[in-house]
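One file, structure-v1.cif, is given below (mmCIF, C-alpha atoms).
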data_coords
#
loop_
_atom_site.group_PDB
_atom_site.id
_atom_site.type_symbol
_atom_site.label_atom_id
_atom_site.label_comp_id
_atom_site.auth_asym_id
_atom_site.auth_seq_id
_atom_site.Cartn_x
_atom_site.Cartn_y
_atom_site.Cartn_z
ATOM 1 C CA MET N 2 2.796 -2.331 44.862
ATOM 2 C CA THR N 3 5.794 -4.445 43.847
ATOM 3 C CA MET N 4 6.474 -6.506 40.734
ATOM 4 C CA GLY N 5 5.803 -9.638 42.791
ATOM 5 C CA GLU N 6 2.253 -8.505 43.521
ATOM 6 C CA LEU N 7 1.267 -8.267 39.849
ATOM 7 C CA ASP N 8 -1.272 -10.848 38.688
ATOM 8 C CA PRO N 9 0.938 -13.863 37.818
ATOM 9 C CA VAL N 10 -1.583 -15.134 35.256
ATOM 10 C CA ILE N 11 -1.104 -12.022 33.114
ATOM 11 C CA HIS N 12 2.462 -11.239 34.183
ATOM 12 C CA ALA N 13 4.131 -13.318 31.465
ATOM 13 C CA PRO N 14 5.062 -11.771 28.110
ATOM 14 C CA SER N 15 2.943 -14.038 25.921
ATOM 15 C CA ARG N 16 -0.129 -13.927 28.135
ATOM 16 C CA LEU N 17 0.125 -10.148 28.501
ATOM 17 C CA ARG N 18 0.160 -9.857 24.701
ATOM 18 C CA ILE N 19 -2.826 -12.217 24.387
ATOM 19 C CA VAL N 20 -4.943 -10.365 26.958
ATOM 20 C CA THR N 21 -3.962 -6.979 25.501
ATOM 21 C CA THR N 22 -5.046 -8.146 22.041
ATOM 22 C CA LEU N 23 -8.354 -9.599 23.197
ATOM 23 C CA ASN N 24 -9.152 -6.523 25.303
ATOM 24 C CA ASP N 25 -8.441 -4.090 22.454
ATOM 25 C CA LEU N 26 -9.818 -6.141 19.565
ATOM 26 C CA LEU N 27 -13.100 -7.395 20.984
ATOM 27 C CA GLU N 28 -16.232 -5.567 22.022
ATOM 28 C CA GLU N 29 -18.389 -7.157 24.716
ATOM 29 C CA GLY N 30 -19.945 -10.322 23.288
ATOM 30 C CA ASP N 31 -17.380 -10.654 20.484
ATOM 31 C CA THR N 32 -15.119 -13.622 19.809
ATOM 32 C CA VAL N 33 -12.119 -14.062 17.534
ATOM 33 C CA THR N 34 -11.071 -17.186 15.691
ATOM 34 C CA PHE N 35 -7.875 -18.959 16.700
ATOM 35 C CA PRO N 36 -6.076 -18.355 13.335
ATOM 36 C CA ARG N 37 -6.854 -14.611 13.397
ATOM 37 C CA LEU N 38 -5.610 -14.302 16.978
ATOM 38 C CA GLN N 39 -2.502 -16.291 16.078
ATOM 39 C CA GLU N 40 -1.888 -13.938 13.140
ATOM 40 C CA LEU N 41 -2.102 -10.844 15.353
ATOM 41 C CA LEU N 42 0.237 -12.362 17.923
ATOM 42 C CA THR N 43 2.652 -14.147 15.551
ATOM 43 C CA MET N 44 2.827 -17.049 17.995
ATOM 44 C CA THR N 45 3.023 -20.754 17.230
ATOM 45 C CA ALA N 46 -0.243 -22.662 17.547
ATOM 46 C CA GLY N 47 1.160 -24.800 20.350
ATOM 47 C CA ASN N 48 2.425 -21.836 22.352
ATOM 48 C CA LEU N 49 -0.843 -19.971 21.937
ATOM 49 C CA THR N 50 -2.876 -23.024 22.948
ATOM 50 C CA THR N 51 -0.796 -23.480 26.115
ATOM 51 C CA HIS N 52 -1.198 -19.874 27.231
ATOM 52 C CA LEU N 53 -4.895 -19.732 26.344
ATOM 53 C CA ALA N 54 -5.476 -22.809 28.502
ATOM 54 C CA LYS N 55 -3.888 -21.006 31.480
ATOM 55 C CA LEU N 56 -5.985 -17.901 30.870
ATOM 56 C CA GLU N 57 -9.122 -20.030 30.512
ATOM 57 C CA ALA N 58 -8.358 -21.850 33.779
ATOM 58 C CA ALA N 59 -8.119 -18.459 35.491
ATOM 59 C CA GLY N 60 -11.520 -17.499 34.059
ATOM 60 C CA TYR N 61 -10.069 -14.681 31.946
ATOM 61 C CA VAL N 62 -10.940 -16.062 28.500
ATOM 62 C CA THR N 63 -13.540 -18.347 26.970
ATOM 63 C CA ILE N 64 -12.662 -20.972 24.383
ATOM 64 C CA VAL N 65 -15.482 -22.444 22.308
ATOM 65 C CA LYS N 66 -14.868 -25.220 19.802
ATOM 66 C CA ALA N 67 -17.531 -25.722 17.149
ATOM 67 C CA PHE N 68 -17.930 -26.765 13.543
ATOM 68 C CA ALA N 69 -18.631 -24.522 10.566
ATOM 69 C CA GLY N 70 -19.878 -27.211 8.203
ATOM 70 C CA LYS N 71 -17.180 -29.888 8.455
ATOM 71 C CA ARG N 72 -14.468 -27.425 9.471
ATOM 72 C CA PRO N 73 -13.603 -27.114 13.150
ATOM 73 C CA VAL N 74 -13.565 -23.518 14.392
ATOM 74 C CA THR N 75 -12.128 -22.388 17.718
ATOM 75 C CA SER N 76 -13.430 -19.042 18.985
ATOM 76 C CA ILE N 77 -11.822 -17.112 21.814
ATOM 77 C CA GLY N 78 -13.462 -14.406 23.895
ATOM 78 C CA ILE N 79 -12.449 -12.340 26.902
ATOM 79 C CA THR N 80 -14.574 -12.436 30.056
ATOM 80 C CA LEU N 81 -15.530 -9.451 32.196
ATOM 81 C CA GLU N 82 -13.192 -10.857 34.842
ATOM 82 C CA GLY N 83 -10.426 -10.975 32.243
ATOM 83 C CA ARG N 84 -10.996 -7.345 31.252
ATOM 84 C CA ALA N 85 -11.029 -6.285 34.911
ATOM 85 C CA ALA N 86 -7.817 -8.218 35.593
ATOM 86 C CA PHE N 87 -6.165 -6.595 32.572
ATOM 87 C CA ARG N 88 -7.234 -3.102 33.682
ATOM 88 C CA ASP N 89 -5.939 -3.782 37.210
ATOM 89 C CA TYR N 90 -2.660 -5.136 35.843
ATOM 90 C CA ARG N 91 -2.204 -2.140 33.542
ATOM 91 C CA ARG N 92 -2.980 0.325 36.323
ATOM 92 C CA ALA N 93 -0.553 -1.426 38.700
ATOM 93 C CA LEU N 94 2.155 -1.476 36.037
ATOM 94 C CA LEU N 95 1.756 2.238 35.361
ATOM 95 C CA GLU N 96 1.874 2.938 39.116
ATOM 96 C CA LEU N 97 5.155 1.025 39.307
ATOM 97 C CA LEU N 98 6.523 3.164 36.505
ATOM 98 C CA GLY N 99 5.461 6.265 38.405
ATOM 99 C CA MET F 13 -7.164 -21.559 39.512
ATOM 100 C CA ASP F 14 -4.779 -21.716 42.469
ATOM 101 C CA ALA F 15 -2.287 -23.719 40.437
ATOM 102 C CA ASP F 16 -2.373 -21.008 37.782
ATOM 103 C CA ARG F 17 -1.739 -18.310 40.349
ATOM 104 C CA ASN F 18 1.348 -20.229 41.486
ATOM 105 C CA PRO F 19 2.590 -21.392 38.111
ATOM 106 C CA GLN F 20 5.488 -23.704 37.317
ATOM 107 C CA PRO F 21 8.808 -21.977 36.576
ATOM 108 C CA LEU F 22 8.555 -20.321 33.182
ATOM 109 C CA PRO F 23 10.949 -20.908 30.285
ATOM 110 C CA GLU F 24 13.502 -18.122 29.854
ATOM 111 C CA GLU F 25 11.671 -16.455 26.964
ATOM 112 C CA GLU F 26 8.521 -16.360 29.082
ATOM 113 C CA GLN F 27 10.124 -14.792 32.138
ATOM 114 C CA PRO F 28 8.494 -11.433 32.894
ATOM 115 C CA LEU F 29 10.514 -8.386 31.912
ATOM 116 C CA ASP F 30 10.889 -5.425 34.250
ATOM 117 C CA ALA F 31 7.946 -3.009 34.566
ATOM 118 C CA ARG F 32 9.113 -0.811 31.689
ATOM 119 C CA GLY F 33 9.722 -3.829 29.464
ATOM 120 C CA MET F 34 6.231 -5.213 30.132
ATOM 121 C CA ALA F 35 4.675 -1.783 29.541
ATOM 122 C CA GLU F 36 6.500 -1.506 26.222
ATOM 123 C CA LEU F 37 5.391 -5.017 25.271
ATOM 124 C CA MET F 38 1.776 -4.061 26.011
ATOM 125 C CA SER F 39 2.115 -0.805 24.077
ATOM 126 C CA ALA F 40 3.642 -2.540 21.046
ATOM 127 C CA GLN F 41 0.840 -5.107 20.972
ATOM 128 C CA ARG F 42 -1.832 -2.396 21.241
ATOM 129 C CA THR F 43 -0.225 -0.649 18.274
ATOM 130 C CA THR F 44 -0.253 -3.915 16.296
ATOM 131 C CA VAL F 45 -3.981 -4.386 16.970
ATOM 132 C CA GLN F 46 -4.814 -0.741 16.196
ATOM 133 C CA ARG F 47 -2.828 -0.866 12.963
ATOM 134 C CA SER F 48 -4.600 -4.050 11.869
ATOM 135 C CA GLN F 49 -7.958 -2.366 12.497
ATOM 136 C CA SER F 50 -7.170 1.005 10.943
ATOM 137 C CA ARG F 51 -5.382 -0.389 7.869
ATOM 138 C CA GLY F 52 -8.707 -1.287 6.263
ATOM 139 C CA VAL F 53 -10.233 2.104 7.063
ATOM 140 C CA ARG F 54 -7.249 3.847 5.490
ATOM 141 C CA ILE F 55 -7.463 1.664 2.352
ATOM 142 C CA ILE F 56 -11.182 2.503 2.017
ATOM 143 C CA LEU F 57 -10.473 6.233 2.481
ATOM 144 C CA VAL F 58 -7.690 6.242 -0.110
ATOM 145 C CA GLY F 59 -9.930 4.273 -2.508
ATOM 146 C CA TRP F 60 -12.726 6.828 -2.157
ATOM 147 C CA ALA F 61 -10.276 9.738 -2.360
ATOM 148 C CA LEU F 62 -9.016 8.481 -5.722
ATOM 149 C CA ALA F 63 -12.592 7.812 -6.863
ATOM 150 C CA TRP F 64 -13.653 11.389 -5.989
ATOM 151 C CA ILE F 65 -10.554 12.980 -7.494
ATOM 152 C CA VAL F 66 -10.786 11.057 -10.786
ATOM 153 C CA GLY F 67 -14.597 11.011 -10.953
ATOM 154 C CA PHE F 68 -15.294 14.651 -10.148
ATOM 155 C CA LEU F 69 -12.357 15.911 -12.229
ATOM 156 C CA ALA F 70 -13.802 13.917 -15.141
ATOM 157 C CA LEU F 71 -17.252 15.513 -14.653
ATOM 158 C CA TRP F 72 -15.681 18.960 -14.317
ATOM 159 C CA SER F 73 -13.703 18.343 -17.512
ATOM 160 C CA GLY F 74 -16.884 17.435 -19.351
ATOM 161 C CA GLU F 75 -18.748 20.628 -18.459
ATOM 162 C CA ASP F 76 -18.837 23.783 -20.546
ATOM 163 C CA GLY F 77 -16.765 26.367 -18.718
ATOM 164 C CA GLY F 78 -15.156 23.658 -16.589
ATOM 165 C CA ASN F 79 -11.596 22.475 -17.136
ATOM 166 C CA PRO F 80 -9.758 25.238 -19.072
ATOM 167 C CA LEU F 81 -7.058 22.831 -20.264
ATOM 168 C CA PHE F 82 -9.183 20.254 -22.091
ATOM 169 C CA THR F 83 -12.789 19.106 -22.459
ATOM 170 C CA LEU F 84 -13.788 15.460 -22.426
ATOM 171 C CA SER F 85 -16.016 14.287 -25.258
ATOM 172 C CA ALA F 86 -19.725 14.099 -24.427
ATOM 173 C CA GLY F 87 -20.587 11.000 -22.415
ATOM 174 C CA LEU F 88 -17.009 10.027 -21.613
ATOM 175 C CA GLU F 89 -17.035 12.021 -18.373
ATOM 176 C CA TRP F 90 -19.983 9.998 -17.054
ATOM 177 C CA TRP F 91 -18.289 6.696 -17.969
ATOM 178 C CA LEU F 92 -15.173 7.795 -16.106
ATOM 179 C CA PHE F 93 -17.221 8.986 -13.122
ATOM 180 C CA GLY F 94 -19.206 5.733 -13.053
ATOM 181 C CA ALA F 95 -16.035 3.647 -13.255
ATOM 182 C CA ALA F 96 -14.398 5.647 -10.435
ATOM 183 C CA ILE F 97 -17.430 5.292 -8.154
ATOM 184 C CA ALA F 98 -17.714 1.569 -8.986
ATOM 185 C CA LEU F 99 -14.048 1.193 -8.029
ATOM 186 C CA GLY F 100 -14.698 2.994 -4.737
ATOM 187 C CA ILE F 101 -17.641 0.696 -3.970
ATOM 188 C CA ALA F 102 -15.598 -2.413 -4.863
ATOM 189 C CA VAL F 103 -12.652 -1.363 -2.662
ATOM 190 C CA SER F 104 -15.004 -0.540 0.239
ATOM 191 C CA THR F 105 -16.916 -3.811 -0.033
ATOM 192 C CA VAL F 106 -13.897 -6.105 -0.328
ATOM 193 C CA THR F 107 -11.864 -4.269 2.327
ATOM 194 C CA GLY F 108 -14.854 -3.972 4.669
ATOM 195 C CA MET F 109 -15.421 -7.730 4.493
ATOM 196 C CA ARG F 110 -11.731 -8.432 5.163
ATOM 197 C CA MET F 111 -11.578 -5.995 8.095
ATOM 198 C CA GLY F 112 -13.958 -8.051 10.192
ATOM 199 C CA ARG F 113 -12.443 -11.439 9.360
ATOM 200 C CA GLY F 114 -12.058 -13.731 12.304
ATOM 201 C CA VAL F 115 -14.168 -11.585 14.633
ATOM 202 C CA GLN F 116 -17.781 -12.475 15.330
ATOM 203 C CA GLY F 117 -20.378 -11.001 17.636
ATOM 204 C CA SER F 118 -21.949 -7.652 18.379
ATOM 205 C CA SER F 119 -19.324 -5.534 16.597
ATOM 206 C CA THR F 120 -19.717 -7.599 13.406
ATOM 207 C CA THR F 121 -23.462 -7.036 13.530
ATOM 208 C CA ALA F 122 -22.900 -3.309 14.063
ATOM 209 C CA GLY F 123 -20.506 -3.193 11.111
ATOM 210 C CA LYS F 124 -22.942 -5.003 8.810
ATOM 211 C CA LEU F 125 -25.801 -2.705 9.819
ATOM 212 C CA TYR F 126 -23.593 0.361 9.270
ATOM 213 C CA GLY F 127 -22.706 -0.863 5.769
ATOM 214 C CA LEU F 128 -26.350 -1.637 4.946
ATOM 215 C CA ALA F 129 -27.520 1.704 6.349
ATOM 216 C CA SER F 130 -24.932 3.542 4.214
ATOM 217 C CA ALA F 131 -26.016 1.775 1.022
ATOM 218 C CA ALA F 132 -29.703 2.247 1.878
ATOM 219 C CA ALA F 133 -29.181 5.969 2.529
ATOM 220 C CA PHE F 134 -27.685 6.568 -0.936
ATOM 221 C CA VAL F 135 -30.366 4.518 -2.695
ATOM 222 C CA ALA F 136 -33.121 6.215 -0.665
ATOM 223 C CA MET F 137 -31.788 9.668 -1.547
ATOM 224 C CA TRP F 138 -31.673 8.757 -5.251
ATOM 225 C CA LEU F 139 -35.252 7.441 -5.110
ATOM 226 C CA PHE F 140 -36.380 10.499 -3.166
ATOM 227 C CA LEU F 141 -34.916 12.871 -5.759
ATOM 228 C CA SER F 142 -36.444 10.786 -8.565
ATOM 229 C CA ALA F 143 -39.828 10.941 -6.831
ATOM 230 C CA LEU F 144 -39.442 14.698 -6.472
ATOM 231 C CA ARG F 145 -38.749 15.039 -10.195
ATOM 232 C CA ALA F 146 -42.008 13.248 -10.899
ATOM 233 C CA HIS F 147 -43.820 16.301 -9.515
ATOM 234 C CA VAL F 148 -41.379 19.185 -9.830
ATOM 235 C CA GLU F 149 -39.508 20.151 -12.961
ATOM 236 C CA ILE F 150 -35.858 20.455 -12.084
ATOM 237 C CA ASP F 151 -33.711 22.042 -14.771
ATOM 238 C CA ALA F 152 -30.299 20.611 -15.655
ATOM 239 C CA ALA F 153 -28.370 23.374 -13.854
ATOM 240 C CA THR F 154 -30.238 22.746 -10.584
ATOM 241 C CA ALA F 155 -29.983 18.966 -10.958
ATOM 242 C CA ALA F 156 -26.213 19.257 -11.406
ATOM 243 C CA LEU F 157 -25.936 20.922 -8.004
ATOM 244 C CA LEU F 158 -28.734 19.055 -6.224
ATOM 245 C CA TYR F 159 -27.823 15.435 -6.998
ATOM 246 C CA VAL F 160 -24.106 15.658 -6.249
ATOM 247 C CA GLY F 161 -24.658 17.876 -3.202
ATOM 248 C CA ALA F 162 -27.270 15.513 -1.756
ATOM 249 C CA PHE F 163 -25.021 12.467 -2.128
ATOM 250 C CA VAL F 164 -21.995 14.252 -0.663
ATOM 251 C CA LEU F 165 -24.151 15.419 2.257
ATOM 252 C CA ILE F 166 -25.259 11.804 2.833
ATOM 253 C CA ALA F 167 -21.588 10.713 2.794
ATOM 254 C CA GLY F 168 -20.773 13.330 5.448
ATOM 255 C CA VAL F 169 -23.683 12.259 7.650
ATOM 256 C CA ILE F 170 -22.686 8.590 7.336
ATOM 257 C CA TYR F 171 -19.158 9.384 8.544
ATOM 258 C CA MET F 172 -20.535 11.477 11.428
ATOM 259 C CA VAL F 173 -22.934 8.726 12.514
ATOM 260 C CA GLY F 174 -20.133 6.161 12.167
ATOM 261 C CA SER F 175 -18.074 8.135 14.664
ATOM 262 C CA ALA F 176 -20.498 6.934 17.353
ATOM 263 C CA MET F 177 -19.408 3.359 16.585
ATOM 264 C CA THR F 178 -15.707 4.096 16.457
ATOM 265 C CA ARG F 179 -15.952 6.610 19.328
ATOM 266 C CA SER F 180 -13.773 8.915 17.265
ATOM 267 C CA TYR F 181 -14.116 12.700 17.420
ATOM 268 C CA ALA F 182 -11.676 12.901 14.498
ATOM 269 C CA GLN F 183 -14.091 10.902 12.337
ATOM 270 C CA PHE F 184 -16.999 13.096 13.460
ATOM 271 C CA TYR F 185 -15.148 16.269 12.426
ATOM 272 C CA PHE F 186 -14.132 14.632 9.147
ATOM 273 C CA GLY F 187 -17.798 13.846 8.408
ATOM 274 C CA LEU F 188 -18.747 17.373 9.406
ATOM 275 C CA ALA F 189 -16.129 18.778 7.018
ATOM 276 C CA ILE F 190 -17.574 16.690 4.159
ATOM 277 C CA ALA F 191 -21.069 17.977 4.973
ATOM 278 C CA VAL F 192 -19.803 21.572 5.061
ATOM 279 C CA LEU F 193 -18.075 20.933 1.721
ATOM 280 C CA ALA F 194 -21.449 20.030 0.178
ATOM 281 C CA ILE F 195 -22.852 23.378 1.329
ATOM 282 C CA VAL F 196 -19.825 25.443 0.260
ATOM 283 C CA ALA F 197 -19.551 23.721 -3.141
ATOM 284 C CA THR F 198 -23.243 24.313 -3.787
ATOM 285 C CA LEU F 199 -22.762 27.996 -2.895
ATOM 286 C CA VAL F 200 -19.844 28.178 -5.378
ATOM 287 C CA GLY F 201 -22.136 26.761 -8.052
ATOM 288 C CA ALA F 202 -21.684 24.818 -11.272
ATOM 289 C CA PRO F 203 -19.416 23.766 -12.834
ATOM 290 C CA HIS F 204 -16.626 24.546 -10.371
ATOM 291 C CA HIS F 205 -18.426 22.818 -7.499
ATOM 292 C CA LEU F 206 -17.176 19.622 -9.159
ATOM 293 C CA LEU F 207 -13.571 20.811 -8.900
ATOM 294 C CA LEU F 208 -14.126 21.524 -5.194
ATOM 295 C CA TYR F 209 -15.477 18.030 -4.613
ATOM 296 C CA ALA F 210 -12.466 16.548 -6.400
ATOM 297 C CA ILE F 211 -9.780 18.592 -4.672
ATOM 298 C CA MET F 212 -11.294 19.315 -1.255
ATOM 299 C CA GLY F 213 -13.264 16.078 -0.902
ATOM 300 C CA GLY F 214 -10.443 13.842 -2.113
ATOM 301 C CA GLY F 215 -7.945 15.922 -0.148
ATOM 302 C CA LEU F 216 -9.957 15.625 3.082
ATOM 303 C CA MET F 217 -10.081 11.847 2.695
ATOM 304 C CA LEU F 218 -6.356 11.561 2.051
ATOM 305 C CA ALA F 219 -5.650 13.864 5.011
ATOM 306 C CA PHE F 220 -7.887 11.808 7.320
ATOM 307 C CA ALA F 221 -6.233 8.555 6.181
ATOM 308 C CA TRP F 222 -2.798 10.070 6.857
ATOM 309 C CA MET F 223 -3.931 11.369 10.252
ATOM 310 C CA LEU F 224 -5.218 7.924 11.269
ATOM 311 C CA GLY F 225 -1.808 6.417 10.540
ATOM 312 C CA ARG F 226 -0.037 9.218 12.396
ATOM 313 C CA SER F 227 -2.273 8.984 15.473
ATOM 314 C CA ILE F 228 -1.398 5.307 15.914
ATOM 315 C CA ALA F 229 2.315 5.921 15.426
ATOM 316 C CA SER F 230 2.285 8.674 18.058
ATOM 317 C CA SER F 231 -0.227 7.113 20.499
ATOM 318 C CA PRO F 232 0.812 7.258 24.178
ATOM 319 C CA ARG F 233 2.908 4.381 25.483
ATOM 320 C CA ALA F 234 0.927 1.620 27.231
#

Would you put the structure from the file into structure tokens?
Amino acid sequence: MTMGELDPVIHAPSRLRIVTTLNDLLEEGDTVTFPRLQELLTMTAGNLTTHLAKLEAAGYVTIVKAFAGKRPVTSIGITLEGRAAFRDYRRALLELLG
Amino acid sequence: MDADRNPQPLPEEEQPLDARGMAELMSAQRTTVQRSQSRGVRIILVGWALAWIVGFLALWSGEDGGNPLFTLSAGLEWWLFGAAIALGIAVSTVTGMRMGRGVQGSSTTAGKLYGLASAAAFVAMWLFLSALRAHVEIDAATAALLYVGAFVLIAGVIYMVGSAMTRSYAQFYFGLAIAVLAIVATLVGAPHHLLLYAIMGGGLMLAFAWMLGRSIASSPRA
């Protein structure tokens, strides 16, 4: 295993932090609102949106936009594939560190 | 999907760090998440610790043969105890609601059911003891030991059962210690069982809150 073989979707600082947060924060079937996730990551809304879109395209996260009354609410979840990818990435990283 | 696996060149701040740097980034973020989750638990524990210390010391200070330094005037000890317990309930309720903010799904449902089960257990025990008194005469000395001991035992069981949700052996042993305290304090007898609940019960809660903070600070890297 080399650094180049690590999953490129997760192997970026911001996306690693996002996936780590979702994996640790959420139980299976849970979602977290965009503002709460942003608070835990201290990222700008634009930056977070960009990285979430890449993770969603890879099938690692789900993004659901709905309304709570008249207020739009964006909920983010982590898929089983996303959890598996994170576990694989973490295991590979620890192997690299010996 | 393929485009994402061969992404465009990343800005400098998004360039991957070396393996150790990425592992440290992951570890730091895990600590942030764990701290955000345990902060509420620690606030609730400290709130209940203060409630037990103040409340049970007040009851002990109102009993004949209790506090050797001073005796609270009749009735005042129950007002102080009631106020301390009400404060504990308020801190738990407000903090518990804030802890789950932003997260929805199965864990939220589990948390709500745990909170409801805890409240129902205390109310059910109170009703059970009241029903018992409808048939059996319980003198004041027995009631002093029975009521407090029963509620402390319920508190211990609630923490033990909650450990199944948090998957925490530390929480299980903490709940077990509270349950054992109820037995030991009842063996000691009135009125000094109240001093035990204040010092040992409050102390156990403060110690568990401190341990939770320490375990996150010293958790293994990555």

Please write as a short mmCIF file (atom, residue, chain, number, x, y, z; two decimals) with C-alpha atoms, in the frame of the given file the full residue list that the PyMOL selection byres ((chain N and resi 43) around 12) yields on this file.
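part_30.cif written:
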data_model
loop_
_atom_site.label_atom_id
_atom_site.label_comp_id
_atom_site.auth_asym_id
_atom_site.auth_seq_id
_atom_site.Cartn_x
_atom_site.Cartn_y
_atom_site.Cartn_z
CA SER N 15 2.94 -14.04 25.92
CA ARG N 18 0.16 -9.86 24.70
CA ILE N 19 -2.83 -12.22 24.39
CA THR N 22 -5.05 -8.15 22.04
CA PHE N 35 -7.88 -18.96 16.70
CA PRO N 36 -6.08 -18.36 13.34
CA ARG N 37 -6.85 -14.61 13.40
CA LEU N 38 -5.61 -14.30 16.98
CA GLN N 39 -2.50 -16.29 16.08
CA GLU N 40 -1.89 -13.94 13.14
CA LEU N 41 -2.10 -10.84 15.35
CA LEU N 42 0.24 -12.36 17.92
CA MET N 44 2.83 -17.05 18.00
CA THR N 45 3.02 -20.75 17.23
CA ALA N 46 -0.24 -22.66 17.55
CA GLY N 47 1.16 -24.80 20.35
CA ASN N 48 2.42 -21.84 22.35
CA LEU N 49 -0.84 -19.97 21.94
CA GLN F 41 0.84 -5.11 20.97
CA THR F 44 -0.25 -3.92 16.30
CA VAL F 45 -3.98 -4.39 16.97
#

Q: Work out how far apart atom CA of Gly201 of chain F and atom CA of Ala155 of chain F are and give it in Å to one decimal.
A: 11.4 Å

Extract, using all atoms listed in the file, all DNA, RNA and protein residues at most 8 Å from Leu88 of chain F, discarding same-chain residues fewer than 4 positions from it, and format them as a PDB file with C-alpha atoms, in the coordinates of the input.
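Saved as result02.pdb:
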ATOM      1  CA  GLY F  74     -16.884  17.435 -19.351  1.00  0.00           C
ATOM      2  CA  LEU F  84     -13.788  15.460 -22.426  1.00  0.00           C
ATOM      3  CA  LEU F  92     -15.173   7.795 -16.106  1.00  0.00           C
TER       4      LEU F  92
END

Q | Near-segment 118-122 of chain F list (8 Å; only C-alpha atoms; drop same-chain fewer than 2 positions) as a PyMOL selection string | A | (chain N and resi 27-31) or (chain F and resi 112+115-116+124-126+177)

I need the residues from that last selection saved to file as an mmCIF file, in the coordinates of the input (with C-alpha atoms), if you can.
data_model
loop_
_atom_site.group_PDB
_atom_site.id
_atom_site.type_symbol
_atom_site.label_atom_id
_atom_site.label_comp_id
_atom_site.auth_asym_id
_atom_site.auth_seq_id
_atom_site.Cartn_x
_atom_site.Cartn_y
_atom_site.Cartn_z
ATOM 1 C CA LEU N 27 -13.100 -7.395 20.984
ATOM 2 C CA GLU N 28 -16.232 -5.567 22.022
ATOM 3 C CA GLU N 29 -18.389 -7.157 24.716
ATOM 4 C CA GLY N 30 -19.945 -10.322 23.288
ATOM 5 C CA ASP N 31 -17.380 -10.654 20.484
ATOM 6 C CA GLY F 112 -13.958 -8.051 10.192
ATOM 7 C CA VAL F 115 -14.168 -11.585 14.633
ATOM 8 C CA GLN F 116 -17.781 -12.475 15.330
ATOM 9 C CA LYS F 124 -22.942 -5.003 8.810
ATOM 10 C CA LEU F 125 -25.801 -2.705 9.819
ATOM 11 C CA TYR F 126 -23.593 0.361 9.270
ATOM 12 C CA MET F 177 -19.408 3.359 16.585
#

Q: Using the chain letters and numbering of this document, enumerate as a ChimeraX atom specification the residues selected by the PyMOL selection byres ((chain F) within 7 of (chain N)).
A: /F:13,16-17,26-28,31-32,34-35,38,41-42,45,114-119

Just need segment 174-202 of chain F in a file, please: C-alpha atoms, as a short mmCIF file (atom, residue, chain, number, x, y, z; two decimals), in the first residue's frame.
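Contents of part_22.cif, freshly written:
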data_model
loop_
_atom_site.label_atom_id
_atom_site.label_comp_id
_atom_site.auth_asym_id
_atom_site.auth_seq_id
_atom_site.Cartn_x
_atom_site.Cartn_y
_atom_site.Cartn_z
CA GLY F 174 -27.97 3.30 29.56
CA SER F 175 -24.52 1.76 29.20
CA ALA F 176 -26.02 -0.59 26.60
CA MET F 177 -26.84 2.47 24.47
CA THR F 178 -23.50 4.17 24.92
CA ARG F 179 -21.62 0.84 24.81
CA SER F 180 -19.64 2.05 27.80
CA TYR F 181 -18.35 -0.32 30.47
CA ALA F 182 -17.32 2.74 32.50
CA GLN F 183 -20.95 3.88 32.62
CA PHE F 184 -22.08 0.37 33.59
CA TYR F 185 -19.64 0.28 36.53
CA PHE F 186 -20.68 3.80 37.52
CA GLY F 187 -24.33 2.69 37.62
CA LEU F 188 -23.33 -0.41 39.56
CA ALA F 189 -21.47 1.75 42.09
CA ILE F 190 -24.59 3.91 42.59
CA ALA F 191 -26.69 0.77 43.13
CA VAL F 192 -24.15 -0.57 45.64
CA LEU F 193 -24.21 2.82 47.37
CA ALA F 194 -27.97 2.44 47.92
CA ILE F 195 -27.37 -0.90 49.64
CA VAL F 196 -24.41 0.29 51.74
CA ALA F 197 -26.14 3.53 52.79
CA THR F 198 -29.23 1.59 53.83
CA LEU F 199 -27.01 -0.75 55.89
CA VAL F 200 -25.43 2.31 57.58
CA GLY F 201 -28.91 3.52 58.48
CA ALA F 202 -30.52 6.86 59.23
#
